[in-house]
>>> print(open('protein.pdb').read())   # PDB, C-alpha atoms
ATOM      1  CA  MET T 703       7.412  66.962  74.674
ATOM      2  CA  HIS T 704       6.596  65.435  78.070
ATOM      3  CA  LEU T 705       8.720  63.081  80.153
ATOM      4  CA  VAL T 706       6.427  60.205  81.166
ATOM      5  CA  ASP T 707       8.868  57.918  82.954
ATOM      6  CA  THR T 708      12.583  57.196  82.932
ATOM      7  CA  GLY T 709      13.627  56.966  79.297
ATOM      8  CA  ILE T 710      10.284  57.700  77.626
ATOM      9  CA  PHE T 711       8.793  60.929  76.274
ATOM     10  CA  ILE T 712       5.487  61.562  74.536
ATOM     11  CA  GLY T 713       5.197  64.295  71.958
ATOM     12  CA  THR T 714       3.937  65.519  68.603
ATOM     13  CA  ALA T 715       5.232  65.352  65.039
ATOM     14  CA  ALA T 716       6.315  68.993  65.357
ATOM     15  CA  GLU T 717       8.959  67.870  67.861
ATOM     16  CA  LEU T 718      10.900  66.257  65.022
ATOM     17  CA  ASN T 719      11.725  69.690  63.589
ATOM     18  CA  ASP T 720      14.254  70.351  66.363
ATOM     19  CA  CYS T 721      16.768  67.510  66.398
ATOM     20  CA  GLN T 722      19.114  69.494  68.651
ATOM     21  CA  ALA T 723      16.453  69.800  71.345
ATOM     22  CA  LEU T 724      15.753  66.084  71.115
ATOM     23  CA  ALA T 725      19.423  65.235  71.490
ATOM     24  CA  ALA T 726      19.757  67.653  74.403
ATOM     25  CA  ALA T 727      16.896  65.827  76.148
ATOM     26  CA  GLY T 728      18.766  62.550  75.755
ATOM     27  CA  VAL T 729      16.475  61.118  73.084
ATOM     28  CA  THR T 730      18.163  58.291  71.180
ATOM     29  CA  HIS T 731      15.131  56.466  69.739
ATOM     30  CA  ILE T 732      12.086  57.854  67.909
ATOM     31  CA  LEU T 733       8.918  55.800  67.624
ATOM     32  CA  SER T 734       6.493  57.314  65.103
ATOM     33  CA  VAL T 735       2.907  56.066  65.334
ATOM     34  CA  ASP T 736       1.503  57.940  62.384
ATOM     35  CA  SER T 737       0.151  57.554  58.872
ATOM     36  CA  THR T 738       3.022  59.663  57.506
ATOM     37  CA  ASP T 739       6.573  58.337  57.311
ATOM     38  CA  PRO T 740       8.885  60.801  59.132
ATOM     39  CA  GLY T 741      11.943  59.247  57.467
ATOM     40  CA  PRO T 742      12.670  62.107  55.025
ATOM     41  CA  LEU T 743      12.492  64.632  57.864
ATOM     42  CA  LEU T 744      14.944  62.642  59.985
ATOM     43  CA  ALA T 745      17.284  61.636  57.166
ATOM     44  CA  GLY T 746      20.863  61.835  58.355
ATOM     45  CA  SER T 747      19.905  62.141  62.020
ATOM     46  CA  PRO T 748      21.619  59.872  64.570
ATOM     47  CA  PHE T 749      18.369  58.538  66.054
ATOM     48  CA  HIS T 750      17.210  54.929  65.966
ATOM     49  CA  ARG T 751      13.810  55.041  64.290
ATOM     50  CA  LYS T 752      10.706  52.883  64.079
ATOM     51  CA  TRP T 753       7.560  53.764  62.138
ATOM     52  CA  ILE T 754       4.154  52.183  62.776
ATOM     53  CA  SER T 755       1.824  53.202  59.948
ATOM     54  CA  VAL T 756      -1.662  53.587  61.398
ATOM     55  CA  LEU T 757      -4.567  55.998  61.139
ATOM     56  CA  ASP T 758      -6.207  57.541  64.193
ATOM     57  CA  GLU T 759      -9.444  55.643  63.656
ATOM     58  CA  ALA T 760     -11.390  53.367  65.976
ATOM     59  CA  THR T 761     -11.105  50.530  63.443
ATOM     60  CA  SER T 762      -7.287  50.712  63.246
ATOM     61  CA  ASP T 763      -5.259  47.897  64.768
ATOM     62  CA  LEU T 764      -2.626  49.090  67.224
ATOM     63  CA  LEU T 765      -2.869  46.122  69.578
ATOM     64  CA  SER T 766      -0.904  43.859  67.249
ATOM     65  CA  HIS T 767       2.029  46.312  67.411
ATOM     66  CA  PHE T 768       2.126  46.815  71.202
ATOM     67  CA  ASP T 769       4.839  44.282  72.023
ATOM     68  CA  ASP T 770       7.125  45.412  69.177
ATOM     69  CA  CYS T 771       6.739  49.051  70.224
ATOM     70  CA  ILE T 772       7.441  48.258  73.865
ATOM     71  CA  THR T 773      10.547  46.279  72.917
ATOM     72  CA  PHE T 774      11.805  49.263  70.888
ATOM     73  CA  ILE T 775      11.234  51.670  73.781
ATOM     74  CA  GLN T 776      12.858  49.293  76.255
ATOM     75  CA  GLU T 777      15.946  49.052  74.038
ATOM     76  CA  ALA T 778      16.407  52.810  74.477
ATOM     77  CA  VAL T 779      15.921  52.630  78.257
ATOM     78  CA  ASP T 780      18.273  49.664  78.692
ATOM     79  CA  ALA T 781      20.985  51.467  76.711
ATOM     80  CA  GLY T 782      20.738  54.506  78.959
ATOM     81  CA  GLY T 783      18.983  56.612  76.341
ATOM     82  CA  ALA T 784      15.379  57.697  75.878
ATOM     83  CA  ALA T 785      12.605  57.160  73.362
ATOM     84  CA  LEU T 786      10.224  59.780  72.003
ATOM     85  CA  VAL T 787       6.838  58.283  71.126
ATOM     86  CA  HIS T 788       4.852  60.599  68.895
ATOM     87  CA  CYS T 789       1.919  60.834  66.510
ATOM     88  CA  GLN T 790       0.591  64.004  64.874
ATOM     89  CA  ALA T 791      -0.920  65.639  67.953
ATOM     90  CA  GLY T 792       0.428  63.432  70.739
ATOM     91  CA  ARG T 793      -3.091  62.660  71.938
ATOM     92  CA  SER T 794      -4.426  59.334  70.663
ATOM     93  CA  ARG T 795      -2.043  56.953  68.878
ATOM     94  CA  SER T 796       1.106  57.810  70.829
ATOM     95  CA  ALA T 797      -0.901  57.946  74.065
ATOM     96  CA  THR T 798      -2.189  54.439  73.384
ATOM     97  CA  VAL T 799       1.316  53.027  72.913
ATOM     98  CA  VAL T 800       2.694  54.850  75.972
ATOM     99  CA  THR T 801      -0.217  53.592  78.095
ATOM    100  CA  ALA T 802       0.495  50.031  76.941
ATOM    101  CA  TYR T 803       4.162  50.540  77.875
ATOM    102  CA  LEU T 804       3.232  51.704  81.374
ATOM    103  CA  MET T 805       0.869  48.773  81.800
ATOM    104  CA  LYS T 806       3.538  46.277  80.782
ATOM    105  CA  THR T 807       6.582  47.701  82.556
ATOM    106  CA  LEU T 808       4.944  48.985  85.737
ATOM    107  CA  GLN T 809       2.364  46.176  85.974
ATOM    108  CA  LEU T 810      -0.555  48.595  86.021
ATOM    109  CA  ASP T 811      -4.087  47.987  84.835
ATOM    110  CA  PHE T 812      -5.437  50.150  82.029
ATOM    111  CA  SER T 813      -7.239  52.702  84.180
ATOM    112  CA  HIS T 814      -4.248  53.388  86.453
ATOM    113  CA  ALA T 815      -1.740  53.543  83.585
ATOM    114  CA  TYR T 816      -3.977  55.880  81.601
ATOM    115  CA  GLN T 817      -4.579  58.150  84.589
ATOM    116  CA  ARG T 818      -0.848  58.299  85.254
ATOM    117  CA  LEU T 819      -0.255  59.493  81.693
ATOM    118  CA  LYS T 820      -3.156  61.936  81.833
ATOM    119  CA  ASN T 821      -1.719  63.517  84.982
ATOM    120  CA  ILE T 822       1.400  64.283  82.963
ATOM    121  CA  LYS T 823      -0.249  65.292  79.668
ATOM    122  CA  GLN T 824      -3.842  66.313  80.240
ATOM    123  CA  ASP T 825      -4.955  66.391  76.608
ATOM    124  CA  VAL T 826      -4.298  62.701  75.864
ATOM    125  CA  GLN T 827      -7.398  60.884  74.630
ATOM    126  CA  PRO T 828      -7.124  57.544  72.793
ATOM    127  CA  ASN T 829     -10.089  56.938  70.517
ATOM    128  CA  PRO T 830     -12.694  54.383  71.703
ATOM    129  CA  GLY T 831     -11.256  51.612  69.540
ATOM    130  CA  PHE T 832      -7.800  52.056  71.034
ATOM    131  CA  GLU T 833      -9.246  52.070  74.555
ATOM    132  CA  GLU T 834     -10.898  48.724  73.839
ATOM    133  CA  GLN T 835      -7.576  47.387  72.595
ATOM    134  CA  LEU T 836      -5.848  48.487  75.794
ATOM    135  CA  CYS T 837      -8.509  46.718  77.853
ATOM    136  CA  LEU T 838      -7.980  43.594  75.761
ATOM    137  CA  TYR T 839      -4.212  43.915  76.302
ATOM    138  CA  GLU T 840      -4.870  43.952  80.038
ATOM    139  CA  ALA T 841      -7.086  40.869  79.735
ATOM    140  CA  MET T 842      -4.237  39.080  77.931
ATOM    141  CA  LYS T 843      -1.897  39.986  80.829
ATOM    142  CA  CYS T 844      -0.029  42.595  78.747
ATOM    143  CA  GLN T 845       1.165  40.201  76.084
ATOM    144  CA  VAL T 846      -0.051  39.932  72.502
ATOM    145  CA  ASP T 847      -0.797  36.207  72.533
ATOM    146  CA  VAL T 848      -1.848  35.231  69.008
ATOM    147  CA  SER T 849      -3.048  31.846  70.301
ATOM    148  CA  SER T 850      -5.419  33.468  72.794
ATOM    149  CA  PRO T 851      -9.128  33.098  71.976
ATOM    150  CA  LEU T 852      -9.507  36.767  72.931
ATOM    151  CA  TYR T 853      -6.953  37.821  70.329
ATOM    152  CA  LYS T 854      -8.371  35.511  67.681
ATOM    153  CA  GLN T 855     -11.841  37.007  68.152
ATOM    154  CA  TYR T 856     -10.358  40.507  68.003
ATOM    155  CA  ARG T 857      -8.458  39.700  64.795
ATOM    156  CA  LEU T 858     -11.612  38.354  63.144
ATOM    157  CA  THR T 859     -13.495  41.519  64.071
ATOM    158  CA  LYS T 860     -10.758  43.639  62.495
ATOM    159  CA  ILE T 861     -10.991  41.619  59.282
ATOM    160  CA  THR T 862     -14.682  42.437  58.886
ATOM    161  CA  GLU T 863     -13.770  46.108  59.209
ATOM    162  CA  LYS T 864     -10.795  45.967  56.833
ATOM    163  CA  TYR T 865     -12.341  43.751  54.153
ATOM    164  CA  PRO T 866     -16.051  44.696  54.095
ATOM    165  CA  GLU T 867     -16.649  42.877  50.801
ATOM    166  CA  LEU T 868     -14.762  39.819  52.060
ATOM    167  CA  GLN T 869     -13.353  39.066  48.625
ATOM    168  CA  GLN T 870     -10.071  38.305  50.340
ATOM    169  CA  VAL T 871      -9.333  37.002  53.819
ATOM    170  CA  PRO T 872      -5.725  36.586  55.016
ATOM    171  CA  ARG T 873      -4.747  32.928  54.935
ATOM    172  CA  GLU T 874      -3.218  33.134  58.410
ATOM    173  CA  VAL T 875      -6.699  33.675  59.858
ATOM    174  CA  PHE T 876      -7.646  30.086  59.089
ATOM    175  CA  ALA T 877      -6.646  27.362  61.523
ATOM    176  CA  ALA T 878      -4.920  24.362  59.990
ATOM    177  CA  ASP T 879      -7.212  21.601  58.821
ATOM    178  CA  PRO T 880      -6.904  18.948  61.563
ATOM    179  CA  LEU T 881      -7.303  16.248  58.920
ATOM    180  CA  HIS T 882      -3.752  17.042  57.767
ATOM    181  CA  SER T 883      -2.080  17.487  61.159
ATOM    182  CA  ASN T 884      -1.298  15.336  64.158
ATOM    183  CA  SER T 885      -2.059  16.600  67.638
ATOM    184  CA  SER T 886      -2.908  15.277  71.069
ATOM    185  CA  GLU T 887      -5.535  17.993  71.481
ATOM    186  CA  VAL T 888      -9.193  17.230  71.934
ATOM    187  CA  SER T 889     -10.726  16.979  68.465
ATOM    188  CA  TYR T 890     -14.268  17.397  67.177
ATOM    189  CA  ARG T 891     -15.710  15.220  64.422
ATOM    190  CA  CYS T 892     -18.746  15.207  62.197
ATOM    191  CA  ARG T 893     -21.256  12.935  63.888
ATOM    192  CA  LYS T 894     -22.403  11.518  60.561
ATOM    193  CA  CYS T 895     -19.167  10.664  58.706
ATOM    194  CA  ARG T 896     -16.552  11.026  61.516
ATOM    195  CA  ARG T 897     -14.467  13.555  59.601
ATOM    196  CA  THR T 898     -12.301  15.649  62.005
ATOM    197  CA  LEU T 899     -13.456  19.272  61.804
ATOM    198  CA  PHE T 900     -11.498  21.265  64.397
ATOM    199  CA  ARG T 901      -9.461  21.021  67.578
ATOM    200  CA  SER T 902      -9.943  22.488  71.053
ATOM    201  CA  SER T 903      -7.445  25.306  70.349
ATOM    202  CA  SER T 904      -9.908  26.690  67.771
ATOM    203  CA  LEU T 905     -12.702  27.168  70.310
ATOM    204  CA  LEU T 906     -13.621  30.806  70.951
ATOM    205  CA  ALA T 907     -15.312  30.995  74.319
ATOM    206  CA  HIS T 908     -17.734  33.772  75.212
ATOM    207  CA  GLN T 909     -19.396  34.889  78.407
ATOM    208  CA  VAL T 910     -22.736  33.179  78.886
ATOM    209  CA  GLY T 911     -25.586  35.535  78.091
ATOM    210  CA  LYS T 912     -28.821  36.269  79.904
ATOM    211  CA  GLY T 913     -30.819  33.436  78.445
ATOM    212  CA  ALA T 914     -34.443  34.015  77.519
ATOM    213  CA  SER T 915     -34.396  37.696  78.492
ATOM    214  CA  ALA T 916     -31.861  38.348  75.718
ATOM    215  CA  PHE T 917     -34.457  37.263  73.169
ATOM    216  CA  SER T 918     -37.245  39.484  74.478
ATOM    217  CA  HIS T 919     -37.116  41.516  71.271
ATOM    218  CA  LYS T 920     -38.583  38.485  69.500
ATOM    219  CA  LYS T 921     -41.729  38.937  71.616
ATOM    220  CA  SER T 922     -42.197  35.239  72.219
ATOM    221  CA  SER T 923     -44.396  34.458  75.201
ATOM    222  CA  ASN T 924     -43.093  30.937  75.758
ATOM    223  CA  LEU T 925     -39.342  31.500  76.001
ATOM    224  CA  ALA T 926     -37.663  29.019  78.337
ATOM    225  CA  GLY T 927     -35.538  30.340  81.149
ATOM    226  CA  ASP T 928     -32.632  27.941  80.613
ATOM    227  CA  VAL T 929     -29.251  29.477  79.839
ATOM    228  CA  SER T 930     -27.134  27.161  77.709
ATOM    229  CA  CYS T 931     -24.879  27.189  74.665
ATOM    230  CA  THR T 932     -26.027  24.660  72.081
ATOM    231  CA  SER T 933     -23.280  25.512  69.571
ATOM    232  CA  TYR T 934     -19.494  25.599  69.441
ATOM    233  CA  PHE T 935     -18.183  28.982  68.319
ATOM    234  CA  ILE T 936     -14.795  28.565  66.651
ATOM    235  CA  GLU T 937     -12.207  30.339  64.520
ATOM    236  CA  PRO T 938     -12.403  29.669  60.755
ATOM    237  CA  VAL T 939     -10.720  26.438  59.669
ATOM    238  CA  GLN T 940      -9.087  25.884  56.272
ATOM    239  CA  TRP T 941     -11.866  23.646  54.976
ATOM    240  CA  MET T 942     -14.302  26.583  55.347
ATOM    241  CA  GLU T 943     -12.329  28.989  53.147
ATOM    242  CA  GLN T 944     -14.281  28.730  49.894
ATOM    243  CA  ALA T 945     -17.635  28.998  51.679
ATOM    244  CA  LEU T 946     -16.640  32.229  53.449
ATOM    245  CA  LEU T 947     -15.223  34.316  50.603
ATOM    246  CA  GLY T 948     -17.401  37.048  49.122
ATOM    247  CA  VAL T 949     -20.483  36.393  51.249
ATOM    248  CA  MET T 950     -21.548  37.746  54.621
ATOM    249  CA  ASP T 951     -23.306  34.651  55.917
ATOM    250  CA  GLY T 952     -24.269  31.123  54.997
ATOM    251  CA  GLN T 953     -24.302  27.487  55.999
ATOM    252  CA  LEU T 954     -21.313  25.444  57.137
ATOM    253  CA  LEU T 955     -21.354  21.977  55.585
ATOM    254  CA  CYS T 956     -19.159  19.002  56.365
ATOM    255  CA  PRO T 957     -16.328  18.961  53.791
ATOM    256  CA  LYS T 958     -16.690  15.178  53.433
ATOM    257  CA  CYS T 959     -20.389  14.259  53.606
ATOM    258  CA  SER T 960     -21.925  17.743  53.070
ATOM    259  CA  SER T 961     -24.264  17.399  56.032
ATOM    260  CA  LYS T 962     -25.227  20.693  57.641
ATOM    261  CA  LEU T 963     -23.088  21.427  60.675
ATOM    262  CA  GLY T 964     -24.004  25.011  61.461
ATOM    263  CA  SER T 965     -23.697  28.491  60.028
ATOM    264  CA  PHE T 966     -21.501  31.581  59.841
ATOM    265  CA  SER T 967     -22.092  35.313  59.806
ATOM    266  CA  TRP T 968     -19.400  37.961  59.564
ATOM    267  CA  CYS T 969     -21.906  40.407  61.076
ATOM    268  CA  GLY T 970     -22.401  38.177  64.090
ATOM    269  CA  ASP T 971     -25.084  35.917  65.463
ATOM    270  CA  GLN T 972     -26.764  35.229  68.772
ATOM    271  CA  CYS T 973     -25.872  32.144  70.747
ATOM    272  CA  SER T 974     -28.655  30.142  72.360
ATOM    273  CA  CYS T 975     -27.464  31.526  75.718
ATOM    274  CA  GLY T 976     -28.360  35.031  74.534
ATOM    275  CA  ARG T 977     -24.829  36.342  73.949
ATOM    276  CA  TRP T 978     -24.159  38.080  70.631
ATOM    277  CA  VAL T 979     -20.913  36.877  69.003
ATOM    278  CA  THR T 980     -19.228  38.818  66.178
ATOM    279  CA  PRO T 981     -18.234  37.403  63.775
ATOM    280  CA  ALA T 982     -19.839  34.024  64.365
ATOM    281  CA  PHE T 983     -18.720  30.619  63.093
ATOM    282  CA  GLN T 984     -20.885  28.139  64.928
ATOM    283  CA  LEU T 985     -21.271  24.389  64.707
ATOM    284  CA  HIS T 986     -24.218  22.782  66.467
ATOM    285  CA  ARG T 987     -23.187  20.512  69.325
ATOM    286  CA  ASN T 988     -25.679  17.837  68.269
ATOM    287  CA  ARG T 989     -23.929  17.555  64.891
ATOM    288  CA  VAL T 990     -20.428  17.145  66.329
ATOM    289  CA  ASP T 991     -18.750  14.590  68.607
ATOM    290  CA  GLU T 992     -15.933  15.451  71.015
ATOM    291  CA  ILE T 993     -13.023  12.998  70.841
ATOM    292  CA  ARG T 994     -10.472  12.744  73.635
ATOM    293  CA  SER T 995      -7.261  10.720  73.530
ATOM    294  CA  LEU T 996      -6.803   8.137  76.264
ATOM    295  CA  ASN T 997      -3.448   7.607  77.957
ATOM    296  CA  LEU T 998      -3.196   3.875  78.420
ATOM    297  CA  GLN T 999      -0.285   3.029  80.687
ATOM    298  CA  GLN T1000       1.140  -0.477  80.809
TER     299      GLN T1000
END
>>> encode(input="protein.pdb", output="structure tokens")
Amino acid sequence: MHLVDTGIFIGTAAELNDCQALAAAGVTHILSVDSTDPGPLLAGSPFHRKWISVLDEATSDLLSHFDDCITFIQEAVDAGGAALVHCQAGRSRSATVVTAYLMKTLQLDFSHAYQRLKNIKQDVQPNPGFEEQLCLYEAMKCQVDVSSPLYKQYRLTKITEKYPELQQVPREVFAADPLHSNSSEVSYRCRKCRRTLFRSSSLLAHQVGKGASAFSHKKSSNLAGDVSCTSYFIEPVQWMEQALLGVMDGQLLCPKCSSKLGSFSWCGDQCSCGRWVTPAFQLHRNRVDEIRSLNLQQ
């Protein structure tokens, strides 16, 4: 068991076998980031406990639990106690959560927080997937913002990993159908029938790619050099649900007039700017009109 900062230790599952040593160290809270519930082992102990069930795999989602874990640890610190954060070996899962805690509470970027932890416990090594999640946490300013386009794209990627057959997709992934909601946001309508399709909050921006050079694998000799995005990439919207289930890719048709708007691919697709987007739900700009509300003052 290693003291990382005031009120927070990192350790292994074996540490739970000695409750007296934990109490002597001032531990009052135990955060288990493991696939095995430590509850039976700690039954009757005086510790406050929290269990995050997660496997040490690159495809596992720890990011979504960061804020809850940090709140739990901070409760121990604020009460004058200490929290032990552990997984099986104290190397990957627990190290990821402790790094996120250091980033949030000490306002450190990922590299500095991770190095600080590694100086204390040299064998820590989050798996590549967890490292990516920590970098994303930094990009979101150390807050799990479910409305952030970065988080929405991350969540969609995790769904393709968790549900490879795509026979079921969590309903919360789909944005509300703007046809049934009122909002002052910019909206986007089918150019043919004027049906509202999505709102600006559903846009998932990506970094502009390298243009023609990104398509060099197609061996075309007359590729233009322009770099532009000719499609809107968005999160799934409720009217798409039936088209997306059980298939990896297909067309996106207007739910009212059935005109072709674009396409989707859970495996990803390449934007006209050259950037690869995964998964991709794209509507062609020339099939959609942007509608802005006007504030008319008397």
>>> residues_near_point(input="protein.pdb", point="(-7.0, 21.7, 71.9)", cutoff="12 Å", atoms="only C-alpha atoms", output="number ranges by chain")
T: 849-851, 877, 880, 884-890, 900-906, 936, 992-995
>>> resolve_selection(input="protein.pdb", expression="the PyMOL selection byres ((chain T and resi 703-711) around 7)", output="ChimeraX atom specification")
/T:712-713,778-779,783-787,819,822
>>> residues_around(input="protein.pdb", residues="Phe768 in chain T", least_positions_apart="3", cutoff="12 Å", atoms="all atoms listed in the file", output="MDAnalysis selection string")
chainID T and resid 733 735 754 763:765 771:775 795:806 832 835:836 838:840 844:847
>>> closest_residue(input="protein.pdb", among="T:Lys894, T:Lys823, T:His767, T:His986", to="Phe966 in chain T", atoms="only C-alpha atoms")
T:His986
>>> residues_near_point(input="protein.pdb", point="(-19.8, 42.1, 63.9)", cutoff="9 Å", atoms="all atoms listed in the file", output="JSON, numbers by chain")
{"T": [859, 862, 863, 967, 968, 969, 970, 971, 978, 979, 980, 981, 982]}
>>> atom_distance(input="protein.pdb", atom1="CA of Lys843 in chain T", atom2="CA of Ala760 in chain T")
22.1 Å
>>> axis_aligned_box(input="protein.pdb", around="range 950-958 of chain T", padding_each_side="8 Å", output="lines of an AutoDock Vina configuration file")
center_x = -20.3
center_y = 26.5
center_z = 55.3
size_x = 24.0
size_y = 38.6
size_z = 19.7
>>> atom_distance(input="protein.pdb", atom1="CA of Cys959 in chain T", atom2="CA of His908 in chain T")
29.2 Å
>>> closest_residue(input="protein.pdb", among="T:Ser794, T:Phe749, T:His731, T:Pro740", to="Gln776 in chain T", atoms="all atoms listed in the file")
T:His731
>>> atom_distance(input="protein.pdb", atom1="CA of Pro872 in chain T", atom2="CA of Val949 in chain T")
15.2 Å
>>> closest_residue(input="protein.pdb", among="T:Thr714, T:Ser883, T:Thr730, T:Ser762", to="Leu899 in chain T", atoms="all atoms listed in the file")
T:Ser883
>>> closest_residue(input="protein.pdb", among="T:Ser974, T:Thr761, T:Gln953, T:Ser961", to="Tyr856 in chain T", atoms="only C-alpha atoms")
T:Thr761
>>> closest_residue(input="protein.pdb", among="T:Val848, T:Leu808, T:Leu743, T:Leu955", to="Cys895 in chain T", atoms="only C-alpha atoms")
T:Leu955
>>> resolve_selection(input="protein.pdb", expression="the PyMOL selection byres ((chain T and resi 940-947) around 8)", output="VMD selection string")
chain T and resid 868 to 871 876 to 879 938 to 939 948 to 952 954 957
>>> closest_residue(input="protein.pdb", among="T:Glu937, T:Gly831, T:Thr898, T:Ser747", to="Leu858 in chain T", atoms="all atoms listed in the file")
T:Glu937
